[in-house]
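Structure file run.cif with mmCIF, C-alpha atoms and all ligand atoms:
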```cif
data_data
#
loop_
_atom_site.label_atom_id
_atom_site.label_comp_id
_atom_site.auth_asym_id
_atom_site.auth_seq_id
_atom_site.Cartn_x
_atom_site.Cartn_y
_atom_site.Cartn_z
CA MET A 1 72.70 89.47 94.99
CA THR A 2 74.93 86.76 96.51
CA THR A 3 78.56 87.77 96.94
CA SER A 4 79.77 85.31 94.32
CA ALA A 5 77.45 86.97 91.77
CA ILE A 6 78.94 90.44 92.32
CA PRO A 7 81.22 91.20 89.36
CA VAL A 8 84.90 91.85 90.00
CA ILE A 9 87.42 93.41 87.63
CA ALA A 10 90.95 92.49 88.76
CA ILE A 11 93.71 94.84 87.61
CA ASP A 12 97.22 93.71 88.47
CA GLY A 13 100.60 94.98 87.41
CA PRO A 14 104.01 96.24 88.49
CA THR A 15 104.73 99.39 90.45
CA ALA A 16 103.94 102.72 88.77
CA SER A 17 102.29 101.06 85.76
CA GLY A 18 99.36 103.47 86.08
CA LYS A 19 96.96 100.80 87.30
CA GLY A 20 95.83 102.96 90.24
CA THR A 21 94.56 105.70 87.93
CA VAL A 22 93.03 103.25 85.46
CA ALA A 23 91.35 101.10 88.13
CA HIS A 24 89.95 104.12 89.94
CA LYS A 25 88.47 105.68 86.80
CA VAL A 26 87.05 102.38 85.56
CA ALA A 27 85.32 101.99 88.95
CA ASP A 28 83.92 105.54 88.67
CA ARG A 29 82.63 104.98 85.16
CA LEU A 30 80.84 101.76 86.14
CA GLY A 31 79.67 103.03 89.55
CA PHE A 32 81.65 100.18 91.16
CA HIS A 33 83.52 100.09 94.47
CA TYR A 34 87.30 100.32 94.38
CA LEU A 35 89.93 98.38 96.30
CA ASP A 36 93.47 99.76 96.40
CA SER A 37 95.06 96.64 97.91
CA GLY A 38 98.54 98.22 97.84
CA ALA A 39 97.26 100.84 100.31
CA LEU A 40 96.67 98.03 102.83
CA TYR A 41 100.33 96.94 102.60
CA ARG A 42 101.38 100.60 102.81
CA LEU A 43 99.16 101.13 105.89
CA THR A 44 100.72 98.10 107.56
CA ALA A 45 104.19 99.49 106.77
CA LEU A 46 103.30 102.95 108.09
CA SER A 47 101.88 101.45 111.31
CA ALA A 48 105.03 99.40 111.77
CA LEU A 49 107.29 102.44 111.27
CA ARG A 50 105.25 104.61 113.62
CA ARG A 51 105.13 102.00 116.36
CA GLY A 52 108.78 101.10 115.98
CA ALA A 53 107.78 97.47 115.37
CA ASP A 54 110.48 94.84 114.96
CA LEU A 55 110.63 94.55 111.17
CA ALA A 56 112.05 91.03 111.45
CA ASP A 57 109.08 89.80 113.50
CA GLU A 58 106.62 88.38 110.95
CA HIS A 59 104.06 87.50 113.59
CA ALA A 60 104.02 91.03 115.08
CA LEU A 61 103.66 92.57 111.60
CA ALA A 62 100.79 90.20 110.77
CA LYS A 63 99.05 91.24 114.00
CA LEU A 64 99.37 94.88 112.99
CA ALA A 65 97.90 94.06 109.56
CA GLU A 66 95.02 92.11 111.04
CA HIS A 67 94.00 94.90 113.39
CA LEU A 68 94.57 97.95 111.21
CA PRO A 69 92.27 100.68 112.56
CA VAL A 70 91.56 101.77 108.99
CA GLN A 71 88.61 103.60 107.48
CA PHE A 72 88.12 104.45 103.82
CA ALA A 73 86.20 107.72 103.59
CA GLY A 74 85.89 108.55 99.88
CA ALA A 75 89.36 109.53 98.69
CA GLU A 76 90.64 109.78 102.27
CA ILE A 77 92.30 106.93 104.12
CA LEU A 78 92.10 107.22 107.90
CA LEU A 79 94.32 105.30 110.29
CA ALA A 80 93.08 105.62 113.87
CA HIS A 81 91.09 108.69 112.70
CA GLU A 82 94.18 110.40 111.25
CA ASN A 83 94.16 111.17 107.53
CA VAL A 84 97.22 109.29 106.23
CA SER A 85 96.38 109.45 102.48
CA HIS A 86 99.53 111.50 101.91
CA ALA A 87 101.83 109.78 104.45
CA ILE A 88 101.37 106.30 102.95
CA ARG A 89 102.61 107.49 99.53
CA ALA A 90 106.15 108.26 100.77
CA GLU A 91 108.81 106.15 99.04
CA GLU A 92 110.11 104.92 102.42
CA VAL A 93 106.65 103.51 103.17
CA GLY A 94 106.32 101.97 99.68
CA ASN A 95 109.69 100.27 99.98
CA LEU A 96 108.85 98.78 103.36
CA ALA A 97 105.40 97.76 102.07
CA SER A 98 107.06 95.82 99.27
CA LYS A 99 109.29 94.02 101.79
CA ILE A 100 106.57 93.06 104.24
CA ALA A 101 104.28 92.03 101.36
CA ALA A 102 106.61 89.03 100.90
CA LEU A 103 105.64 87.69 104.33
CA PRO A 104 102.95 84.97 104.14
CA ALA A 105 101.45 85.81 107.56
CA VAL A 106 100.97 89.45 106.55
CA ARG A 107 99.26 88.46 103.28
CA GLN A 108 97.03 86.04 105.15
CA ALA A 109 96.13 88.73 107.71
CA LEU A 110 94.92 91.05 104.92
CA PHE A 111 92.95 88.39 103.05
CA ALA A 112 89.50 88.77 104.67
CA LEU A 113 89.69 92.57 104.63
CA GLN A 114 90.25 92.51 100.86
CA LEU A 115 87.32 90.14 100.24
CA SER A 116 85.04 92.47 102.24
CA PHE A 117 85.34 95.13 99.53
CA ARG A 118 83.27 92.99 97.17
CA LYS A 119 79.92 94.73 97.37
CA ALA A 120 77.10 95.33 94.87
CA PRO A 121 76.97 96.54 92.18
CA GLY A 122 80.61 95.53 91.59
CA LEU A 123 84.27 95.96 92.46
CA VAL A 124 87.40 97.05 90.67
CA ALA A 125 90.38 95.64 92.60
CA ASP A 126 93.89 96.91 91.99
CA GLY A 127 97.08 95.13 93.11
CA ARG A 128 99.53 92.34 92.39
CA ASP A 129 97.51 89.20 93.13
CA MET A 130 93.90 90.26 92.61
CA GLY A 131 93.36 87.89 89.68
CA THR A 132 95.65 85.09 90.89
CA VAL A 133 94.85 84.80 94.62
CA ILE A 134 92.21 87.15 96.03
CA PHE A 135 89.59 87.09 93.25
CA PRO A 136 90.54 84.12 91.06
CA HIS A 137 86.99 84.04 89.62
CA ALA A 138 86.99 87.71 88.61
CA LYS A 139 84.85 88.41 85.58
CA LEU A 140 87.65 90.32 83.90
CA LYS A 141 91.38 90.14 84.64
CA VAL A 142 93.80 92.71 83.31
CA PHE A 143 97.59 92.73 83.63
CA LEU A 144 98.59 96.34 83.16
CA THR A 145 102.23 97.05 82.51
CA ALA A 146 104.65 99.54 80.94
CA SER A 147 108.40 99.76 80.31
CA THR A 148 110.68 100.47 83.30
CA GLU A 149 111.52 103.92 81.90
CA ALA A 150 107.89 104.91 81.33
CA ARG A 151 107.01 103.79 84.85
CA ALA A 152 109.91 105.70 86.45
CA GLN A 153 108.86 108.86 84.56
CA ARG A 154 105.27 108.47 85.75
CA ARG A 155 106.29 107.89 89.36
CA TYR A 156 108.59 110.95 89.22
CA LYS A 157 105.80 113.15 87.89
CA GLN A 158 103.34 111.80 90.45
CA LEU A 159 105.66 112.49 93.40
CA ILE A 160 106.62 115.99 92.23
CA GLU A 161 102.94 116.87 91.72
CA LYS A 162 102.29 115.80 95.30
CA GLY A 163 105.11 118.04 96.54
CA ILE A 164 107.30 115.04 97.47
CA SER A 165 110.92 115.43 96.36
CA ALA A 166 112.24 112.75 94.02
CA ASN A 167 115.39 111.78 92.17
CA MET A 168 115.17 109.89 88.88
CA GLU A 169 118.21 107.67 89.46
CA ASP A 170 117.02 106.54 92.91
CA LEU A 171 113.51 106.00 91.56
CA LEU A 172 114.75 103.72 88.78
CA SER A 173 116.81 101.57 91.12
CA ASP A 174 113.98 101.39 93.70
CA LEU A 175 111.56 100.42 90.96
CA GLN A 176 113.83 97.64 89.71
CA ALA A 177 114.35 96.35 93.26
CA ARG A 178 110.60 96.38 93.85
CA ASP A 179 109.88 94.58 90.56
CA ASP A 180 112.45 92.00 91.50
CA ARG A 181 110.95 91.38 94.95
CA ASP A 182 107.36 91.34 93.63
CA THR A 183 108.06 88.87 90.82
CA HIS A 184 110.42 86.54 92.66
CA ARG A 185 108.79 86.15 96.04
CA ALA A 186 107.61 82.67 96.99
CA ILE A 187 104.06 83.72 97.85
CA ALA A 188 101.61 85.44 95.48
CA PRO A 189 104.32 86.58 93.03
CA LEU A 190 103.43 89.16 90.43
CA VAL A 191 102.47 87.17 87.31
CA PRO A 192 99.62 87.61 84.86
CA ALA A 193 96.64 85.50 85.99
CA ALA A 194 95.40 82.73 83.72
CA GLY A 195 93.12 84.36 81.18
CA ALA A 196 94.33 87.90 81.91
CA HIS A 197 94.35 90.49 79.13
CA ILE A 198 97.81 92.06 78.92
CA LEU A 199 97.78 95.83 78.48
CA ASP A 200 101.13 97.52 77.81
CA THR A 201 100.54 101.22 78.40
CA SER A 202 104.08 102.47 77.62
CA HIS A 203 102.72 104.41 74.64
CA MET A 204 99.14 104.90 75.79
CA THR A 205 97.43 107.70 77.67
CA ALA A 206 95.48 106.86 80.82
CA ASP A 207 92.22 107.58 78.93
CA GLN A 208 93.10 105.08 76.19
CA ALA A 209 93.87 102.42 78.80
CA ILE A 210 90.57 103.12 80.61
CA GLU A 211 88.58 102.78 77.35
CA GLU A 212 90.32 99.49 76.55
CA VAL A 213 89.46 97.99 79.95
CA LEU A 214 85.84 99.18 79.67
CA ALA A 215 85.59 97.67 76.17
CA TRP A 216 86.90 94.32 77.46
CA TYR A 217 84.43 94.44 80.33
CA ALA A 218 81.54 95.17 77.96
CA LEU A 219 82.47 91.99 76.06
CA THR A 220 82.07 89.88 79.22
CA LYS A 221 78.36 90.68 79.44
O1 LIG A 301 102.48 102.33 94.19
P1 LIG A 301 103.04 100.98 93.91
O2 LIG A 301 102.48 100.34 92.69
O3 LIG A 301 104.49 100.89 94.02
O4 LIG A 301 102.64 100.06 95.09
P2 LIG A 301 101.25 99.81 95.75
O5 LIG A 301 100.28 99.24 94.78
O6 LIG A 301 100.82 100.99 96.54
O7 LIG A 301 101.67 98.62 96.76
C1 LIG A 301 102.74 98.76 97.68
C2 LIG A 301 103.48 97.42 97.75
O8 LIG A 301 102.61 96.42 98.27
C3 LIG A 301 103.94 96.90 96.40
O9 LIG A 301 105.27 97.27 96.14
C4 LIG A 301 103.79 95.39 96.49
O10 LIG A 301 105.00 94.79 96.85
C5 LIG A 301 102.79 95.19 97.60
N1 LIG A 301 101.50 94.69 97.13
C6 LIG A 301 101.31 93.32 97.09
O11 LIG A 301 102.22 92.56 97.38
N2 LIG A 301 100.09 92.81 96.74
C7 LIG A 301 99.08 93.61 96.39
N3 LIG A 301 97.91 93.09 96.07
C8 LIG A 301 99.27 95.00 96.39
C9 LIG A 301 100.50 95.51 96.75
#
```
Structure encoded using structure tokens:
Amino acid sequence: MTTSAIPVIAIDGPTASGKGTVAHKVADRLGFHYLDSGALYRLTALSALRRGADLADEHALAKLAEHLPVQFAGAEILLAHENVSHAIRAEEVGNLASKIAALPAVRQALFALQLSFRKAPGLVADGRDMGTVIFPHAKLKVFLTASTEARAQRRYKQLIEKGISANMEDLLSDLQARDDRDTHRAIAPLVPAAGAHILDTSHMTADQAIEEVLAWYALTK
């Protein structure tokens, strides 16, 4: 199968909209590969923090992104052989990821790595610009969203379950700041791709959202 014939499902949306869970499960159900593109921005942020990189030096950050010693081993994400699956989920890392994601050189440095995830029999790609920039010819594009309050509640629950302490007020203001940066940045801003199905999951369970995406995908065949 040529690469351009490998089906892609692009799932984009704002922070804590539940797209990670939905994208992952949809990939499992279809036996497809899964790309968590946000993890790549988080890995770049974590590398920068650990190496004490100059956060104002776009070129240095892009170099870090381009040479990430990353390995995806099932559910584990390894950075230079260390399992960082937990460390990249810290809010400090997410906040820095959202800042460096606005830098064009960093986005460019992660471009080829993201394309390399497109392997047979198919790919579910989760992020902000999967349908607009990385996979503009995706077979199905979904823009998954939810109200600010529903997203803050979900993020709170997620962090507590992982044993990471969280405070609702801080989470809400971080979430709004992140939405603001993601939607207003000059490069690859968060907007629904042309032809994207909009899925507002404020009052939906994850299972309902998964079934909806699978039903849309079935209609593309
Ligand atoms: O968990 P959350 O949805 O907050 O973020 P994530 O998907 O893990 O991504 C971390 C950050 O990377 C986001 O806040 C975005 O600013 C950025 N990102 C991006 O710019 N483009 C993507 N395709 C994925 C993530």
Any chance you could tabulate, as JSON lines, the residues of segment 158-215 of chain A at most 12 Å from segment 112-130 of chain A with each one's nearest atom pair and distance in Å to one decimal, using all atoms listed in the file, in chain and rising number order?
```
{"residue": "A:Arg178", "atom": "CA", "partner": "A:Arg128", "partner_atom": "CA", "distance": 11.9}
{"residue": "A:Asp179", "atom": "CA", "partner": "A:Arg128", "partner_atom": "CA", "distance": 10.7}
{"residue": "A:Arg181", "atom": "CA", "partner": "A:Arg128", "partner_atom": "CA", "distance": 11.7}
{"residue": "A:Asp182", "atom": "CA", "partner": "A:Arg128", "partner_atom": "CA", "distance": 8.0}
{"residue": "A:Thr183", "atom": "CA", "partner": "A:Arg128", "partner_atom": "CA", "distance": 9.3}
{"residue": "A:Arg185", "atom": "CA", "partner": "A:Arg128", "partner_atom": "CA", "distance": 11.7}
{"residue": "A:Ile187", "atom": "CA", "partner": "A:Asp129", "partner_atom": "CA", "distance": 9.8}
{"residue": "A:Ala188", "atom": "CA", "partner": "A:Asp129", "partner_atom": "CA", "distance": 6.0}
{"residue": "A:Pro189", "atom": "CA", "partner": "A:Asp129", "partner_atom": "CA", "distance": 7.3}
{"residue": "A:Leu190", "atom": "CA", "partner": "A:Arg128", "partner_atom": "CA", "distance": 5.4}
{"residue": "A:Val191", "atom": "CA", "partner": "A:Arg128", "partner_atom": "CA", "distance": 7.8}
{"residue": "A:Pro192", "atom": "CA", "partner": "A:Asp129", "partner_atom": "CA", "distance": 8.7}
{"residue": "A:Ala193", "atom": "CA", "partner": "A:Asp129", "partner_atom": "CA", "distance": 8.1}
{"residue": "A:Ala194", "atom": "CA", "partner": "A:Asp129", "partner_atom": "CA", "distance": 11.6}
{"residue": "A:Ala196", "atom": "CA", "partner": "A:Met130", "partner_atom": "CA", "distance": 11.0}
{"residue": "A:Val213", "atom": "CA", "partner": "A:Val124", "partner_atom": "CA", "distance": 11.0}
{"residue": "A:Leu214", "atom": "CA", "partner": "A:Val124", "partner_atom": "CA", "distance": 11.3}
```
Notebook entry, point to check: Which residues sit within 8 Å of ligand LIG 301 (chain A), counting only C-alpha atoms and all ligand atoms, listed as an NGL selection string?
Noted result: :A and (12-20 or 36-42 or 89 or 94-102 or 107 or 126-130 or 175 or 178-179 or 181-182 or 188-190)
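The space between atom CA of Ala80 of chain A and atom CA of Ser47 of chain A spans 10.1 Å.
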Note to self: I need the residue nearest Lys141 of chain A from this list: A:Leu61, A:Ala177, A:Leu55, A:Ile198. Use only C-alpha atoms for the distance.
What the structure shows: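 So, comparing all the options, the nearest one is A:Ile198.
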Write out as a PDB file with C-alpha atoms, in the frame of the given file each polymer residue whose atoms come within 12 Å of Asp28 of chain A, counting all atoms listed in the file; drop sequence neighbours fewer than 2 positions from it.
```pdb
ATOM      1  CA  THR A  21      94.560 105.700  87.930  1.00  0.00           C
ATOM      2  CA  VAL A  22      93.030 103.250  85.460  1.00  0.00           C
ATOM      3  CA  ALA A  23      91.350 101.100  88.130  1.00  0.00           C
ATOM      4  CA  HIS A  24      89.950 104.120  89.940  1.00  0.00           C
ATOM      5  CA  LYS A  25      88.470 105.680  86.800  1.00  0.00           C
ATOM      6  CA  VAL A  26      87.050 102.380  85.560  1.00  0.00           C
ATOM      7  CA  LEU A  30      80.840 101.760  86.140  1.00  0.00           C
ATOM      8  CA  GLY A  31      79.670 103.030  89.550  1.00  0.00           C
ATOM      9  CA  PHE A  32      81.650 100.180  91.160  1.00  0.00           C
ATOM     10  CA  HIS A  33      83.520 100.090  94.470  1.00  0.00           C
ATOM     11  CA  TYR A  34      87.300 100.320  94.380  1.00  0.00           C
ATOM     12  CA  GLY A  74      85.890 108.550  99.880  1.00  0.00           C
ATOM     13  CA  PRO A 121      76.970  96.540  92.180  1.00  0.00           C
ATOM     14  CA  GLY A 122      80.610  95.530  91.590  1.00  0.00           C
ATOM     15  CA  LEU A 123      84.270  95.960  92.460  1.00  0.00           C
ATOM     16  CA  VAL A 124      87.400  97.050  90.670  1.00  0.00           C
ATOM     17  CA  ILE A 210      90.570 103.120  80.610  1.00  0.00           C
ATOM     18  CA  LEU A 214      85.840  99.180  79.670  1.00  0.00           C
TER      19      LEU A 214
END
```
Checklist line | Point-to-point distance in Å for atom CA of Leu46 of chain A and atom CA of Glu149 of chain A | finding: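 So the answer is 27.5 Å.
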Checklist line | Two-atom distance - atom CA of Lys157 of chain A, atom CA of Met204 of chain A (Å) | finding: 16.1 Å
Notebook entry, point to check: With all atoms listed in the file as the atoms that count, which of A:Leu172, A:Trp216, A:Ser147, A:Asp54 lies nearest to His203 of chain A?
Noted result: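 Selected residue with least distance to His203 of chain A: A:Ser147.
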